[in-house]
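J.: protein_13.cif is reproduced in full below (mmCIF, C-alpha atoms).
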data_upload
loop_
_atom_site.label_atom_id
_atom_site.label_comp_id
_atom_site.auth_asym_id
_atom_site.auth_seq_id
_atom_site.Cartn_x
_atom_site.Cartn_y
_atom_site.Cartn_z
CA MET A 3 67.62 -32.29 -26.74
CA THR A 4 69.54 -35.35 -25.53
CA GLY A 5 68.15 -37.83 -28.03
CA LYS A 6 67.34 -40.33 -25.26
CA ASP A 7 63.70 -41.23 -24.61
CA LEU A 8 63.16 -40.70 -20.90
CA SER A 9 59.38 -40.85 -20.89
CA TRP A 10 59.61 -43.93 -18.64
CA LEU A 11 61.58 -41.97 -16.04
CA ILE A 12 58.77 -39.48 -15.49
CA ALA A 13 55.84 -41.83 -16.00
CA ALA A 14 55.43 -42.67 -12.29
CA PRO A 15 56.35 -40.97 -9.00
CA ILE A 16 59.81 -41.91 -7.74
CA ALA A 17 60.01 -43.40 -4.26
CA HIS A 18 62.88 -41.73 -2.41
CA ARG A 19 65.18 -44.51 -1.17
CA GLY A 20 62.38 -46.93 -1.96
CA LEU A 21 58.91 -46.99 -0.43
CA HIS A 22 60.00 -46.99 3.20
CA GLY A 23 58.08 -46.48 6.42
CA GLY A 24 55.77 -48.75 8.40
CA GLY A 25 58.63 -51.05 9.35
CA LEU A 26 60.48 -50.77 6.06
CA VAL A 27 63.82 -48.94 6.18
CA GLU A 28 65.14 -46.62 3.49
CA ASN A 29 67.31 -48.20 0.79
CA SER A 30 66.33 -51.71 1.89
CA ILE A 31 65.27 -54.66 -0.22
CA GLY A 32 61.85 -54.47 1.45
CA ALA A 33 61.45 -50.82 0.49
CA ALA A 34 62.34 -51.67 -3.10
CA ARG A 35 59.78 -54.48 -3.21
CA ALA A 36 57.11 -52.18 -1.74
CA ALA A 37 57.79 -49.59 -4.44
CA ILE A 38 57.50 -52.23 -7.14
CA ALA A 39 54.18 -53.41 -5.70
CA ALA A 40 52.89 -49.82 -5.63
CA GLY A 41 53.87 -49.16 -9.25
CA CYS A 42 56.49 -46.55 -8.34
CA ALA A 43 59.95 -45.91 -9.66
CA ILE A 44 62.79 -46.37 -7.16
CA GLU A 45 65.59 -43.99 -6.19
CA CYS A 46 68.51 -45.47 -4.27
CA ASP A 47 71.89 -44.36 -2.94
CA VAL A 48 75.03 -46.29 -3.81
CA GLN A 49 78.35 -46.10 -1.99
CA ALA A 50 81.72 -47.77 -2.45
CA THR A 51 82.94 -50.22 0.17
CA LYS A 52 86.48 -51.55 0.49
CA ASP A 53 85.75 -54.10 -2.21
CA GLY A 54 82.36 -53.40 -3.78
CA LEU A 55 79.15 -51.39 -3.54
CA VAL A 56 76.23 -51.18 -1.12
CA VAL A 57 72.89 -49.40 -1.17
CA PHE A 58 73.14 -46.98 1.76
CA HIS A 59 72.76 -43.22 2.09
CA ASP A 60 74.94 -42.04 4.96
CA GLU A 61 78.72 -41.89 4.89
CA THR A 62 78.73 -43.43 8.38
CA LEU A 63 76.77 -46.28 9.94
CA GLU A 64 75.47 -44.84 13.20
CA ARG A 65 72.04 -43.54 12.16
CA LEU A 66 70.77 -46.72 10.55
CA THR A 67 72.70 -49.51 12.29
CA ALA A 68 74.12 -50.42 15.69
CA HIS A 69 77.62 -50.12 14.24
CA ALA A 70 80.00 -47.19 13.88
CA GLY A 71 82.47 -45.95 11.32
CA ARG A 72 82.58 -45.12 7.63
CA VAL A 73 80.94 -47.37 5.07
CA ALA A 74 84.06 -47.11 2.91
CA ASP A 75 86.18 -48.71 5.63
CA TYR A 76 84.24 -52.00 5.62
CA ASP A 77 84.09 -54.80 3.08
CA THR A 78 80.78 -55.62 1.46
CA ARG A 79 80.28 -58.95 3.24
CA SER A 80 80.65 -57.29 6.64
CA LEU A 81 78.13 -54.60 5.72
CA GLU A 82 75.65 -57.17 4.39
CA ALA A 83 75.68 -58.77 7.84
CA MET A 84 74.72 -55.52 9.62
CA ALA A 85 71.06 -55.23 10.64
CA LEU A 86 69.19 -52.05 9.77
CA ARG A 87 67.61 -50.35 12.78
CA GLY A 88 63.97 -51.22 13.30
CA ALA A 89 63.88 -53.89 10.62
CA SER A 90 64.57 -57.55 10.06
CA GLU A 91 66.79 -56.69 7.09
CA THR A 92 70.46 -55.96 6.59
CA ILE A 93 72.35 -53.51 4.39
CA PRO A 94 71.97 -54.72 0.80
CA SER A 95 74.79 -54.97 -1.67
CA PHE A 96 74.16 -53.19 -4.95
CA ASP A 97 74.29 -56.55 -6.72
CA ALA A 98 71.52 -57.94 -4.48
CA PHE A 99 69.46 -54.78 -4.96
CA LEU A 100 69.69 -55.00 -8.75
CA THR A 101 68.79 -58.69 -8.68
CA THR A 102 65.73 -57.95 -6.55
CA ILE A 103 64.43 -55.26 -8.89
CA GLY A 104 65.29 -57.15 -12.05
CA GLY A 105 63.84 -54.52 -14.34
CA ARG A 106 60.41 -54.57 -12.67
CA ALA A 107 60.53 -50.83 -11.88
CA PRO A 108 62.42 -47.83 -13.21
CA LEU A 109 65.56 -47.34 -11.13
CA VAL A 110 67.34 -44.08 -10.31
CA VAL A 111 70.83 -44.74 -8.98
CA GLU A 112 72.45 -41.88 -7.08
CA LEU A 113 76.20 -42.26 -6.72
CA LYS A 114 77.45 -40.84 -3.43
CA SER A 115 80.76 -39.00 -3.32
CA ASP A 116 83.32 -37.43 -0.99
CA PHE A 117 84.19 -34.95 -3.78
CA ASP A 118 87.82 -36.00 -3.54
CA GLY A 119 88.33 -37.08 -7.15
CA ASP A 120 87.90 -40.78 -6.36
CA LEU A 121 86.01 -42.38 -9.27
CA THR A 122 85.72 -45.85 -7.73
CA VAL A 123 81.97 -45.73 -7.17
CA ALA A 124 81.39 -44.72 -10.80
CA LYS A 125 83.69 -47.42 -12.18
CA ARG A 126 82.16 -50.15 -10.05
CA GLY A 127 78.65 -48.90 -10.72
CA ALA A 128 79.25 -48.99 -14.46
CA GLU A 129 80.59 -52.53 -14.20
CA ARG A 130 77.39 -53.68 -12.47
CA LEU A 131 75.03 -51.73 -14.72
CA ALA A 132 76.62 -52.53 -18.07
CA HIS A 133 74.59 -55.72 -18.35
CA TYR A 134 71.59 -54.76 -16.22
CA ASP A 135 68.38 -55.51 -18.08
CA GLY A 136 65.91 -52.86 -17.02
CA PRO A 137 65.14 -49.12 -17.11
CA VAL A 138 67.85 -47.32 -15.15
CA VAL A 139 69.49 -43.91 -14.92
CA VAL A 140 72.54 -42.77 -12.97
CA GLU A 141 72.81 -39.43 -11.19
CA SER A 142 75.09 -37.66 -8.72
CA PHE A 143 75.72 -34.35 -7.05
CA ASP A 144 79.38 -34.79 -7.99
CA PRO A 145 79.95 -33.49 -11.53
CA GLU A 146 83.24 -35.39 -11.74
CA LEU A 147 81.47 -38.75 -11.55
CA ILE A 148 78.97 -37.79 -14.25
CA ALA A 149 81.65 -36.23 -16.45
CA PHE A 150 83.70 -39.43 -16.15
CA LEU A 151 80.77 -41.63 -17.13
CA ARG A 152 79.90 -39.26 -19.98
CA ALA A 153 83.46 -39.40 -21.35
CA GLN A 154 84.04 -43.12 -20.77
CA GLY A 155 80.54 -44.49 -21.32
CA GLU A 156 81.39 -46.38 -24.50
CA ALA A 157 84.49 -48.00 -23.02
CA LEU A 158 82.60 -48.93 -19.84
CA GLY A 159 79.61 -50.33 -21.70
CA VAL A 160 77.13 -47.85 -20.22
CA ALA A 161 76.75 -45.25 -22.98
CA HIS A 162 73.11 -46.33 -23.28
CA ILE A 163 72.33 -45.37 -19.67
CA PRO A 164 71.04 -41.80 -19.20
CA LEU A 165 73.04 -39.60 -16.84
CA GLY A 166 71.71 -36.90 -14.56
CA VAL A 167 72.96 -34.19 -12.24
CA VAL A 168 71.45 -33.68 -8.79
CA GLY A 169 71.49 -30.00 -7.92
CA GLU A 170 70.26 -27.13 -5.83
CA ALA A 171 70.48 -23.35 -5.83
CA GLY A 172 73.57 -22.99 -3.63
CA TYR A 173 76.28 -24.89 -1.79
CA ALA A 174 76.99 -23.05 1.45
CA GLU A 175 80.26 -23.93 3.14
CA ALA A 176 78.44 -24.90 6.33
CA ASP A 177 76.49 -27.58 4.48
CA TRP A 178 79.16 -28.53 1.95
CA PRO A 179 82.49 -28.20 3.79
CA MET A 180 84.19 -30.71 1.48
CA LEU A 181 83.86 -28.45 -1.56
CA THR A 182 86.59 -26.11 -2.69
CA PRO A 183 85.51 -22.57 -3.56
CA GLN A 184 86.09 -23.41 -7.23
CA ARG A 185 83.91 -26.53 -7.08
CA ARG A 186 81.22 -24.65 -5.15
CA ALA A 187 81.07 -21.99 -7.88
CA GLU A 188 81.07 -24.60 -10.64
CA MET A 189 78.12 -26.45 -9.10
CA THR A 190 76.16 -23.32 -8.19
CA HIS A 191 76.37 -21.89 -11.71
CA PHE A 192 76.27 -25.25 -13.55
CA LEU A 193 79.61 -24.50 -15.17
CA HIS A 194 80.31 -28.23 -15.49
CA TYR A 195 77.64 -28.54 -18.20
CA PRO A 196 80.07 -28.89 -21.14
CA ARG A 197 81.57 -31.95 -19.40
CA THR A 198 78.49 -33.50 -17.81
CA ARG A 199 75.84 -32.75 -20.48
CA PRO A 200 73.09 -34.33 -18.36
CA ASP A 201 70.19 -36.17 -19.93
CA PHE A 202 68.00 -35.10 -17.00
CA LEU A 203 68.15 -32.98 -13.90
CA SER A 204 67.10 -33.73 -10.30
CA TRP A 205 66.53 -30.51 -8.36
CA ASN A 206 65.86 -29.49 -4.77
CA ALA A 207 62.15 -28.66 -4.51
CA ALA A 208 62.93 -26.02 -1.88
CA ASP A 209 64.76 -24.05 -4.59
CA LEU A 210 61.89 -23.76 -7.08
CA PRO A 211 61.39 -21.84 -9.23
CA HIS A 212 64.98 -21.54 -10.41
CA ALA A 213 66.60 -20.64 -13.71
CA ILE A 214 68.66 -23.83 -14.11
CA PRO A 215 65.81 -26.38 -14.02
CA PHE A 216 63.58 -23.96 -15.95
CA LEU A 217 66.08 -23.67 -18.78
CA ALA A 218 66.78 -27.42 -18.67
CA ARG A 219 63.13 -28.10 -19.45
CA GLU A 220 62.33 -25.19 -21.73
CA ALA A 221 65.57 -24.68 -23.65
CA LEU A 222 67.32 -28.05 -23.53
CA GLY A 223 64.18 -30.17 -23.51
CA ILE A 224 65.43 -32.49 -20.77
CA PRO A 225 63.18 -33.77 -17.96
CA VAL A 226 63.43 -32.44 -14.42
CA THR A 227 62.61 -34.42 -11.29
CA VAL A 228 62.40 -32.73 -7.88
CA TRP A 229 63.23 -33.91 -4.36
CA THR A 230 62.17 -34.52 -1.70
CA ILE A 231 58.38 -34.12 -1.77
CA ARG A 232 56.65 -34.99 1.52
CA SER A 233 53.02 -33.90 1.02
CA ALA A 234 50.34 -33.66 -1.64
CA ALA A 235 50.35 -29.87 -1.34
CA GLN A 236 54.09 -29.73 -1.92
CA ALA A 237 53.69 -32.06 -4.90
CA THR A 238 51.11 -29.77 -6.50
CA VAL A 239 53.49 -26.80 -6.34
CA ALA A 240 56.49 -28.81 -7.51
CA ARG A 241 54.71 -30.15 -10.57
CA ARG A 242 54.38 -26.62 -11.91
CA TRP A 243 58.14 -26.59 -12.41
CA ALA A 244 59.08 -30.24 -12.87
CA ASP A 245 58.12 -33.39 -14.74
CA GLN A 246 58.05 -35.81 -11.82
CA ILE A 247 58.46 -35.92 -8.04
CA VAL A 248 60.79 -37.88 -5.78
CA PHE A 249 58.66 -38.50 -2.70
CA GLU A 250 58.58 -40.00 0.78
CA ASN A 251 56.32 -40.16 3.86
CA PHE A 252 53.08 -39.91 1.85
CA ARG A 253 51.45 -41.61 -1.12
CA PRO A 254 51.08 -39.38 -4.18
#
Starting from the file, give its structure as structure tokens.

T.:
Amino acid sequence: MTGKDLSWLIAAPIAHRGLHGGGLVENSIGAARAAIAAGCAIECDVQATKDGLVVFHDETLERLTAHAGRVADYDTRSLEAMALRGASETIPSFDAFLTTIGGRAPLVVELKSDFDGDLTVAKRGAERLAHYDGPVVVESFDPELIAFLRAQGEALGVAHIPLGVVGEAGYAEADWPMLTPQRRAEMTHFLHYPRTRPDFLSWNAADLPHAIPFLAREALGIPVTVWTIRSAAQATVARRWADQIVFENFRP
């Protein structure tokens, strides 16, 4: 058991990148507001810019904007001026996103990573979240980010924030070319556990049932969320093995 009460995390379905669709773009302020209005929790993706943080999923800009290049190569002000495709909104800074939510919905912050040992996104995220007044957890695929926050939580002022690992059954080289063989094995077999000691787990629904999330719930007593659920039928199956769903493209 982790000792942290995470009943609020699993109390309501978690809107994947906010409640987007119908003119609202993923990870936008509008999608966050829609999730709040619907009584959902909010999952968002956070990336480091040259000087700050933005809420944006992709490493590059092409899919969601009319611009090109890597998010990390721009400063935050420039990114905030970029319109999101199909919407009247722009890329939000993490600061603006937190201000918008203001504790009105549970927030799941996924830290994005290049798996290159750069801890910038974790350090900046901790700085922003240290004084955030609202229910929030931090998660990442990258065990190094979670291990860093676990080890330095007190010094960074975020020891009170629950930490989670996002995982799946395997990390094929074709899908995860940035991983070394050693890192691939560590993530596949959850060998980072002594360093990360997650308070919760977020698992790929396509990989259920699986021993790791099963043991997390049954042996460690930590909650498991599953992603990404896109239908009521899929949700019914997923809830056999998990405590809450991360959903999009339908209303649970």

J.: Find the residues around segment 106-118 of chain A up to 7 Å (all atoms listed in the file counted), leave out those fewer than 2 positions away in its own chain, and share them as a ChimeraX atom specification.

T.: /A:11,38,42-49,103-104,120,123,137-142,144,180-181

J.: Convert the output of the PyMOL selection byres ((chain A and resi 75-92) around 9) on the shown file into explicit residues, formatted as a compact mmCIF listing (two decimals) with C-alpha atoms, keeping the file's coordinate frame.

T.:
# COMPACT_ATOMS: atom_id res chain seq x y z
CA GLY A 25 58.63 -51.05 9.35
CA LEU A 26 60.48 -50.77 6.06
CA VAL A 27 63.82 -48.94 6.18
CA SER A 30 66.33 -51.71 1.89
CA ILE A 31 65.27 -54.66 -0.22
CA GLY A 32 61.85 -54.47 1.45
CA ALA A 50 81.72 -47.77 -2.45
CA THR A 51 82.94 -50.22 0.17
CA LYS A 52 86.48 -51.55 0.49
CA ASP A 53 85.75 -54.10 -2.21
CA GLY A 54 82.36 -53.40 -3.78
CA LEU A 55 79.15 -51.39 -3.54
CA VAL A 56 76.23 -51.18 -1.12
CA ARG A 65 72.04 -43.54 12.16
CA LEU A 66 70.77 -46.72 10.55
CA THR A 67 72.70 -49.51 12.29
CA ALA A 68 74.12 -50.42 15.69
CA HIS A 69 77.62 -50.12 14.24
CA GLY A 71 82.47 -45.95 11.32
CA ARG A 72 82.58 -45.12 7.63
CA VAL A 73 80.94 -47.37 5.07
CA ALA A 74 84.06 -47.11 2.91
CA ILE A 93 72.35 -53.51 4.39
CA PRO A 94 71.97 -54.72 0.80
CA SER A 95 74.79 -54.97 -1.67

J.: What's the separation between atom CA of Ala174 of chain A and atom CA of His191 of chain A, in Å to one decimal place?

T.: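 The value is 13.2 Å.
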
J.: So what does the PyMOL selection byres ((chain A and resi 197) around 9) actually pick up in this one, as a ChimeraX atom specification?

T.: /A:145-146,148-150,152-153,193-196,198-200

J.: How would the residues just chosen look if you wrote them out with C-alpha atoms as an mmCIF file, in the coordinates of the input?

T.:
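The resulting again_23.cif:
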data_model
loop_
_atom_site.group_PDB
_atom_site.id
_atom_site.type_symbol
_atom_site.label_atom_id
_atom_site.label_comp_id
_atom_site.auth_asym_id
_atom_site.auth_seq_id
_atom_site.Cartn_x
_atom_site.Cartn_y
_atom_site.Cartn_z
ATOM 1 C CA PRO A 145 79.950 -33.490 -11.530
ATOM 2 C CA GLU A 146 83.240 -35.390 -11.740
ATOM 3 C CA ILE A 148 78.970 -37.790 -14.250
ATOM 4 C CA ALA A 149 81.650 -36.230 -16.450
ATOM 5 C CA PHE A 150 83.700 -39.430 -16.150
ATOM 6 C CA ARG A 152 79.900 -39.260 -19.980
ATOM 7 C CA ALA A 153 83.460 -39.400 -21.350
ATOM 8 C CA LEU A 193 79.610 -24.500 -15.170
ATOM 9 C CA HIS A 194 80.310 -28.230 -15.490
ATOM 10 C CA TYR A 195 77.640 -28.540 -18.200
ATOM 11 C CA PRO A 196 80.070 -28.890 -21.140
ATOM 12 C CA THR A 198 78.490 -33.500 -17.810
ATOM 13 C CA ARG A 199 75.840 -32.750 -20.480
ATOM 14 C CA PRO A 200 73.090 -34.330 -18.360
#

J.: Using 5 Å of padding on each side, determine the axis-aligned box around all atoms of segment 161-165 of chain A present in the file and give its centre and edge lengths in Å to one decimal, as JSON.

T.:
{"center_x": 73.9, "center_y": -43.0, "center_z": -20.1, "size_x": 15.7, "size_y": 16.7, "size_z": 16.4}
